[in-house]
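Contents: one structure, followed by commentary.
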2 protein chains.
Amino acid sequence: MTGRRRVPRREREQQIIDVAVQVFAKRGYHAASVDEIAELAGISKPMVYLYLDSKEGLFLACLRREADRLVAAFQGAAATGGAAPELRLHAALLAFFAFVAEHRDSWVVLHRQASELSEAIAAAVAEARRAVLAEVAGLVLAGIAESGSPLGDEDADFVAHALVGAADSLTDWMASHPDQSPEGVTLRLMNMVWVGMGRVLEGEVWGPERK
Amino acid sequence: MTGRRRVPRREREQQIIDVAVQVFAKRGYHAASVDEIAELAGISKPMVYLYLDSKEGLFLACLRREADRLVAAFQGAAATGGAAPELRLHAALLAFFAFVAEHRDSWVVLHRQASELSEAIAAAVAEARRAVLAEVAGLVLAGIAESGSPLGDEDADFVAHALVGAADSLTDWMASHPDQSPEGVTLRLMNMVWVGMGRVLEGEVWGPERK
């Protein structure tokens, strides 16, 4: 091992996490082996344990990093996407779908595998989801305020839950339609939900008695 | 135990499942004990194992029964909810939210706990979800056909994914707003999504450049 550059701990950890995200996404948590992760990362298995404690610790580190990245992408786009709330919502949704399209492994780890595991892991995912829900509810509330509608916090929170659930579920649709761009998916969703909300804000109400 | 009525196997199994759904919902899969389930069901632990094989077998039986009930309620309402696709969709969504409101334990087992477990269990849940997605996509496609729009299968499948994801996520909103009726939740969702889809079918398109 002479001649090998001494890599700072933080950098080494990130390398291990990069590899681990791929392996967890490909094999699933239970089938993934720390041996394989160590080999692909080019370091010894004891070193992996030294850095990240256990297989669960390693998974949790993957999950936290990818959740932070996804939330940061979403919030960054919402902050800089434009003046109107609907433009910021559009930018944030686009950032979400683009992240999922570009980091499919990260999304598989966050979306499919995290819920299989411990309470600590479920809590980390729930926290990321709450951050996104709060962000979306804020944008929707801003849209409501601009429209002068009497709708309020409860309505904004309702729309945020619907939008975030729809976006989650649409990642499955996206996976089975690889020809569709994140831009296209975002526009379809905005069309469905934001246009509908616009009508509702204008006072249009759908009711089962109307037909 | 003299004097106790001999209960047919099928009926006994249903009693055990009734109790098990409550215990799994309250404790979570891992913390739930077969001892407690046997005690509350008023039968011996070996009898529980005789009927339902293992803790996982018992959970799978709970999951299958509740998934079948939910899918049947949804499909039944869709079949009888009216002539127009939007009325059938409304009836089906209402059946879903009413099921979740009335059978909160069943929903906790289906929605929160199933994903923690084995592949057999995840597969049972995925199958129920696919049945619901296909049903919704069919209704949306019927709505599209009635409108004379050029949208097709792919679009209907997109809307179905968005709607089913939104409905899943809104069960959390419903849990934190116990004063809201399933009828109210269904109307809000129909207003948001179906009204928006109506506009889209009429050719209205939202784009980020428009503001």
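Identifiers for the structure tokens are assigned positionally: chains receive A, B, ... in sequence, residues are indexed from 1 per chain, and ligands are indexed from 1 in the order shown.
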
Once chain B is superposed on chain A with a least-squares fit on all C-alpha pairs taken in order, can you show it as an mmCIF file with C-alpha atoms, in the first residue's frame?
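Dumped to part-v3.cif:
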data_model
loop_
_atom_site.group_PDB
_atom_site.id
_atom_site.type_symbol
_atom_site.label_atom_id
_atom_site.label_comp_id
_atom_site.auth_asym_id
_atom_site.auth_seq_id
_atom_site.Cartn_x
_atom_site.Cartn_y
_atom_site.Cartn_z
ATOM 1 C CA MET B 1 0.031 -0.069 -0.107
ATOM 2 C CA THR B 2 3.024 2.247 -0.282
ATOM 3 C CA GLY B 3 2.565 5.158 -2.619
ATOM 4 C CA ARG B 4 -1.159 5.393 -2.008
ATOM 5 C CA ARG B 5 -2.210 8.948 -1.240
ATOM 6 C CA ARG B 6 -3.461 9.500 2.262
ATOM 7 C CA VAL B 7 -7.123 10.419 1.869
ATOM 8 C CA PRO B 8 -8.792 12.615 4.497
ATOM 9 C CA ARG B 9 -11.465 10.893 6.550
ATOM 10 C CA ARG B 10 -14.308 13.035 5.272
ATOM 11 C CA GLU B 11 -13.409 12.406 1.640
ATOM 12 C CA ARG B 12 -12.984 8.676 2.266
ATOM 13 C CA GLU B 13 -16.408 8.526 3.885
ATOM 14 C CA GLN B 14 -17.993 10.174 0.871
ATOM 15 C CA GLN B 15 -16.341 7.621 -1.423
ATOM 16 C CA ILE B 16 -17.667 4.770 0.674
ATOM 17 C CA ILE B 17 -21.145 6.314 0.654
ATOM 18 C CA ASP B 18 -21.027 6.749 -3.145
ATOM 19 C CA VAL B 19 -20.364 3.062 -3.581
ATOM 20 C CA ALA B 20 -22.786 1.998 -0.861
ATOM 21 C CA VAL B 21 -25.698 3.879 -2.465
ATOM 22 C CA GLN B 22 -25.122 1.939 -5.684
ATOM 23 C CA VAL B 23 -24.875 -1.408 -3.921
ATOM 24 C CA PHE B 24 -27.897 -0.838 -1.662
ATOM 25 C CA ALA B 25 -29.956 0.294 -4.669
ATOM 26 C CA LYS B 26 -28.929 -2.728 -6.721
ATOM 27 C CA ARG B 27 -29.100 -5.482 -4.087
ATOM 28 C CA GLY B 28 -31.508 -4.176 -1.476
ATOM 29 C CA TYR B 29 -30.496 -3.594 2.131
ATOM 30 C CA HIS B 30 -30.628 -7.168 3.319
ATOM 31 C CA ALA B 31 -28.773 -8.716 0.387
ATOM 32 C CA ALA B 32 -26.144 -5.964 0.194
ATOM 33 C CA SER B 33 -22.817 -7.015 1.698
ATOM 34 C CA VAL B 34 -20.257 -4.797 3.369
ATOM 35 C CA ASP B 35 -17.617 -7.003 1.694
ATOM 36 C CA GLU B 36 -18.791 -5.915 -1.730
ATOM 37 C CA ILE B 37 -18.987 -2.273 -0.717
ATOM 38 C CA ALA B 38 -15.457 -2.374 0.728
ATOM 39 C CA GLU B 39 -14.113 -4.076 -2.381
ATOM 40 C CA LEU B 40 -15.722 -1.606 -4.796
ATOM 41 C CA ALA B 41 -14.593 1.320 -2.636
ATOM 42 C CA GLY B 42 -11.068 -0.126 -2.676
ATOM 43 C CA ILE B 43 -10.658 -0.247 1.095
ATOM 44 C CA SER B 44 -10.709 -2.971 3.706
ATOM 45 C CA LYS B 45 -13.868 -4.100 5.447
ATOM 46 C CA PRO B 46 -12.550 -3.178 8.945
ATOM 47 C CA MET B 47 -11.909 0.336 7.595
ATOM 48 C CA VAL B 48 -15.528 0.594 6.446
ATOM 49 C CA TYR B 49 -16.636 -0.376 9.958
ATOM 50 C CA LEU B 50 -14.151 2.054 11.468
ATOM 51 C CA TYR B 51 -15.585 4.913 9.436
ATOM 52 C CA LEU B 52 -19.273 4.056 9.500
ATOM 53 C CA ASP B 53 -19.728 1.698 12.443
ATOM 54 C CA SER B 54 -22.123 -0.935 11.056
ATOM 55 C CA LYS B 55 -24.139 -1.877 7.997
ATOM 56 C CA GLU B 56 -27.066 0.039 9.432
ATOM 57 C CA GLY B 57 -24.804 3.015 10.180
ATOM 58 C CA LEU B 58 -23.594 2.918 6.611
ATOM 59 C CA PHE B 59 -27.141 2.792 5.256
ATOM 60 C CA LEU B 60 -28.205 5.634 7.527
ATOM 61 C CA ALA B 61 -25.255 7.720 6.293
ATOM 62 C CA CYS B 62 -26.347 7.042 2.675
ATOM 63 C CA LEU B 63 -29.908 7.917 3.465
ATOM 64 C CA ARG B 64 -29.063 11.129 5.297
ATOM 65 C CA ARG B 65 -26.743 12.345 2.575
ATOM 66 C CA GLU B 66 -29.172 11.615 -0.255
ATOM 67 C CA ALA B 67 -32.130 13.052 1.654
ATOM 68 C CA ASP B 68 -30.128 16.218 2.367
ATOM 69 C CA ARG B 69 -29.184 16.499 -1.309
ATOM 70 C CA LEU B 70 -32.751 16.052 -2.468
ATOM 71 C CA VAL B 71 -34.185 18.504 0.029
ATOM 72 C CA ALA B 72 -31.435 21.034 -0.792
ATOM 73 C CA ALA B 73 -32.105 20.728 -4.547
ATOM 74 C CA PHE B 74 -35.812 21.175 -3.933
ATOM 75 C CA GLN B 75 -35.437 24.134 -1.582
ATOM 76 C CA GLY B 76 -32.765 25.779 -3.718
ATOM 77 C CA ALA B 77 -34.998 25.643 -6.787
ATOM 78 C CA ALA B 78 -37.980 26.907 -4.803
ATOM 79 C CA ALA B 79 -35.918 29.857 -3.536
ATOM 80 C CA THR B 80 -34.577 30.888 -6.928
ATOM 81 C CA GLY B 81 -37.259 29.686 -9.350
ATOM 82 C CA GLY B 82 -39.010 33.009 -9.861
ATOM 83 C CA ALA B 83 -41.184 35.624 -8.271
ATOM 84 C CA ALA B 84 -44.608 33.986 -8.567
ATOM 85 C CA PRO B 85 -45.334 31.082 -6.198
ATOM 86 C CA GLU B 86 -46.375 28.919 -9.133
ATOM 87 C CA LEU B 87 -43.013 29.454 -10.823
ATOM 88 C CA ARG B 88 -41.219 28.524 -7.633
ATOM 89 C CA LEU B 89 -43.386 25.438 -7.248
ATOM 90 C CA HIS B 90 -42.682 24.502 -10.848
ATOM 91 C CA ALA B 91 -38.938 24.922 -10.339
ATOM 92 C CA ALA B 92 -39.016 22.874 -7.142
ATOM 93 C CA LEU B 93 -41.002 20.025 -8.715
ATOM 94 C CA LEU B 94 -38.665 20.036 -11.692
ATOM 95 C CA ALA B 95 -35.665 19.833 -9.358
ATOM 96 C CA PHE B 96 -37.315 16.849 -7.678
ATOM 97 C CA PHE B 97 -38.036 14.928 -10.884
ATOM 98 C CA ALA B 98 -34.608 15.784 -12.307
ATOM 99 C CA PHE B 99 -32.962 14.488 -9.120
ATOM 100 C CA VAL B 100 -34.893 11.229 -9.334
ATOM 101 C CA ALA B 101 -34.069 10.855 -13.049
ATOM 102 C CA GLU B 102 -30.364 11.570 -12.540
ATOM 103 C CA HIS B 103 -29.887 9.817 -9.202
ATOM 104 C CA ARG B 104 -32.109 6.791 -9.613
ATOM 105 C CA ASP B 105 -29.966 4.828 -7.108
ATOM 106 C CA SER B 106 -30.398 7.501 -4.462
ATOM 107 C CA TRP B 107 -34.135 7.514 -5.004
ATOM 108 C CA VAL B 108 -34.397 3.733 -4.785
ATOM 109 C CA VAL B 109 -32.580 3.877 -1.448
ATOM 110 C CA LEU B 110 -34.742 6.724 -0.150
ATOM 111 C CA HIS B 111 -38.079 5.618 -1.503
ATOM 112 C CA ARG B 112 -38.099 1.836 -1.649
ATOM 113 C CA GLN B 113 -35.677 0.576 0.924
ATOM 114 C CA ALA B 114 -35.700 3.003 3.782
ATOM 115 C CA SER B 115 -39.152 1.980 4.964
ATOM 116 C CA GLU B 116 -37.997 -1.633 5.399
ATOM 117 C CA LEU B 117 -35.703 -0.793 8.223
ATOM 118 C CA SER B 118 -35.371 0.545 11.726
ATOM 119 C CA GLU B 119 -37.215 3.366 13.424
ATOM 120 C CA ALA B 120 -34.120 5.592 13.260
ATOM 121 C CA ILE B 121 -34.150 5.207 9.500
ATOM 122 C CA ALA B 122 -37.899 5.706 9.138
ATOM 123 C CA ALA B 123 -37.544 8.851 11.265
ATOM 124 C CA ALA B 124 -34.808 10.261 9.005
ATOM 125 C CA VAL B 125 -37.036 9.767 5.957
ATOM 126 C CA ALA B 126 -40.090 11.213 7.684
ATOM 127 C CA GLU B 127 -38.086 14.310 8.595
ATOM 128 C CA ALA B 128 -37.023 14.918 4.976
ATOM 129 C CA ARG B 129 -40.615 14.474 3.860
ATOM 130 C CA ARG B 130 -41.862 16.961 6.445
ATOM 131 C CA ALA B 131 -39.351 19.550 5.220
ATOM 132 C CA VAL B 132 -40.601 19.145 1.649
ATOM 133 C CA LEU B 133 -44.259 19.219 2.704
ATOM 134 C CA ALA B 134 -43.701 22.459 4.644
ATOM 135 C CA GLU B 135 -41.947 24.024 1.649
ATOM 136 C CA VAL B 136 -44.770 23.071 -0.731
ATOM 137 C CA ALA B 137 -47.454 24.207 1.699
ATOM 138 C CA GLY B 138 -45.684 27.579 1.947
ATOM 139 C CA LEU B 139 -45.693 28.003 -1.836
ATOM 140 C CA VAL B 140 -49.332 26.993 -2.111
ATOM 141 C CA LEU B 141 -50.242 29.400 0.670
ATOM 142 C CA ALA B 142 -48.404 32.188 -1.162
ATOM 143 C CA GLY B 143 -50.397 31.309 -4.294
ATOM 144 C CA ILE B 144 -53.627 31.430 -2.325
ATOM 145 C CA ALA B 145 -52.698 34.779 -0.786
ATOM 146 C CA GLU B 146 -51.935 36.270 -4.224
ATOM 147 C CA SER B 147 -55.283 35.142 -5.542
ATOM 148 C CA GLY B 148 -57.148 36.868 -2.722
ATOM 149 C CA SER B 149 -59.014 33.632 -1.989
ATOM 150 C CA PRO B 150 -60.360 32.948 1.511
ATOM 151 C CA LEU B 151 -58.613 29.566 1.628
ATOM 152 C CA GLY B 152 -56.043 29.159 4.368
ATOM 153 C CA ASP B 153 -53.356 27.058 6.039
ATOM 154 C CA GLU B 154 -55.438 23.925 6.201
ATOM 155 C CA ASP B 155 -56.161 24.073 2.481
ATOM 156 C CA ALA B 156 -52.530 24.748 1.634
ATOM 157 C CA ASP B 157 -51.511 21.761 3.725
ATOM 158 C CA PHE B 158 -54.093 19.626 1.937
ATOM 159 C CA VAL B 159 -52.767 20.619 -1.489
ATOM 160 C CA ALA B 160 -49.189 20.035 -0.318
ATOM 161 C CA HIS B 161 -50.008 16.496 0.818
ATOM 162 C CA ALA B 162 -51.748 15.767 -2.485
ATOM 163 C CA LEU B 163 -48.873 17.181 -4.540
ATOM 164 C CA VAL B 164 -46.100 15.454 -2.624
ATOM 165 C CA GLY B 165 -47.966 12.126 -2.710
ATOM 166 C CA ALA B 166 -48.623 12.536 -6.428
ATOM 167 C CA ALA B 167 -44.961 13.364 -7.103
ATOM 168 C CA ASP B 168 -43.785 10.327 -5.101
ATOM 169 C CA SER B 169 -46.092 8.039 -6.996
ATOM 170 C CA LEU B 170 -45.207 9.557 -10.384
ATOM 171 C CA THR B 171 -41.592 8.490 -9.946
ATOM 172 C CA ASP B 172 -42.903 4.971 -10.657
ATOM 173 C CA TRP B 173 -44.626 6.218 -13.821
ATOM 174 C CA MET B 174 -41.388 7.946 -14.825
ATOM 175 C CA ALA B 175 -39.416 4.720 -14.328
ATOM 176 C CA SER B 176 -41.737 2.928 -16.768
ATOM 177 C CA HIS B 177 -41.589 5.821 -19.270
ATOM 178 C CA PRO B 178 -37.858 6.471 -19.657
ATOM 179 C CA ASP B 179 -38.534 8.526 -22.805
ATOM 180 C CA GLN B 180 -40.308 11.206 -20.749
ATOM 181 C CA SER B 181 -38.179 14.070 -19.460
ATOM 182 C CA PRO B 182 -38.391 15.483 -15.932
ATOM 183 C CA GLU B 183 -39.557 18.725 -17.601
ATOM 184 C CA GLY B 184 -42.457 16.903 -19.250
ATOM 185 C CA VAL B 185 -43.475 15.162 -16.038
ATOM 186 C CA THR B 186 -43.369 18.442 -14.114
ATOM 187 C CA LEU B 187 -45.495 20.250 -16.693
ATOM 188 C CA ARG B 188 -48.110 17.512 -16.711
ATOM 189 C CA LEU B 189 -48.344 17.616 -12.920
ATOM 190 C CA MET B 190 -48.523 21.418 -12.821
ATOM 191 C CA ASN B 191 -51.237 21.291 -15.452
ATOM 192 C CA MET B 192 -53.277 18.818 -13.486
ATOM 193 C CA VAL B 193 -52.926 20.247 -10.033
ATOM 194 C CA TRP B 194 -52.118 23.918 -10.322
ATOM 195 C CA VAL B 195 -54.624 24.588 -13.080
ATOM 196 C CA GLY B 196 -57.250 22.778 -11.015
ATOM 197 C CA MET B 197 -56.351 24.820 -7.978
ATOM 198 C CA GLY B 198 -56.653 28.001 -10.023
ATOM 199 C CA ARG B 199 -60.207 27.085 -10.913
ATOM 200 C CA VAL B 200 -61.011 26.300 -7.313
ATOM 201 C CA LEU B 201 -59.554 29.648 -6.229
ATOM 202 C CA GLU B 202 -61.817 31.317 -8.770
ATOM 203 C CA GLY B 203 -64.746 29.721 -6.994
ATOM 204 C CA GLU B 204 -65.504 26.826 -9.289
ATOM 205 C CA VAL B 205 -66.694 23.838 -7.314
ATOM 206 C CA TRP B 206 -67.126 20.303 -8.489
ATOM 207 C CA GLY B 207 -69.893 18.257 -6.940
ATOM 208 C CA PRO B 208 -71.249 14.804 -7.653
ATOM 209 C CA GLU B 209 -74.725 16.268 -8.115
ATOM 210 C CA ARG B 210 -73.680 18.354 -11.078
ATOM 211 C CA LYS B 211 -73.829 15.643 -13.700
#
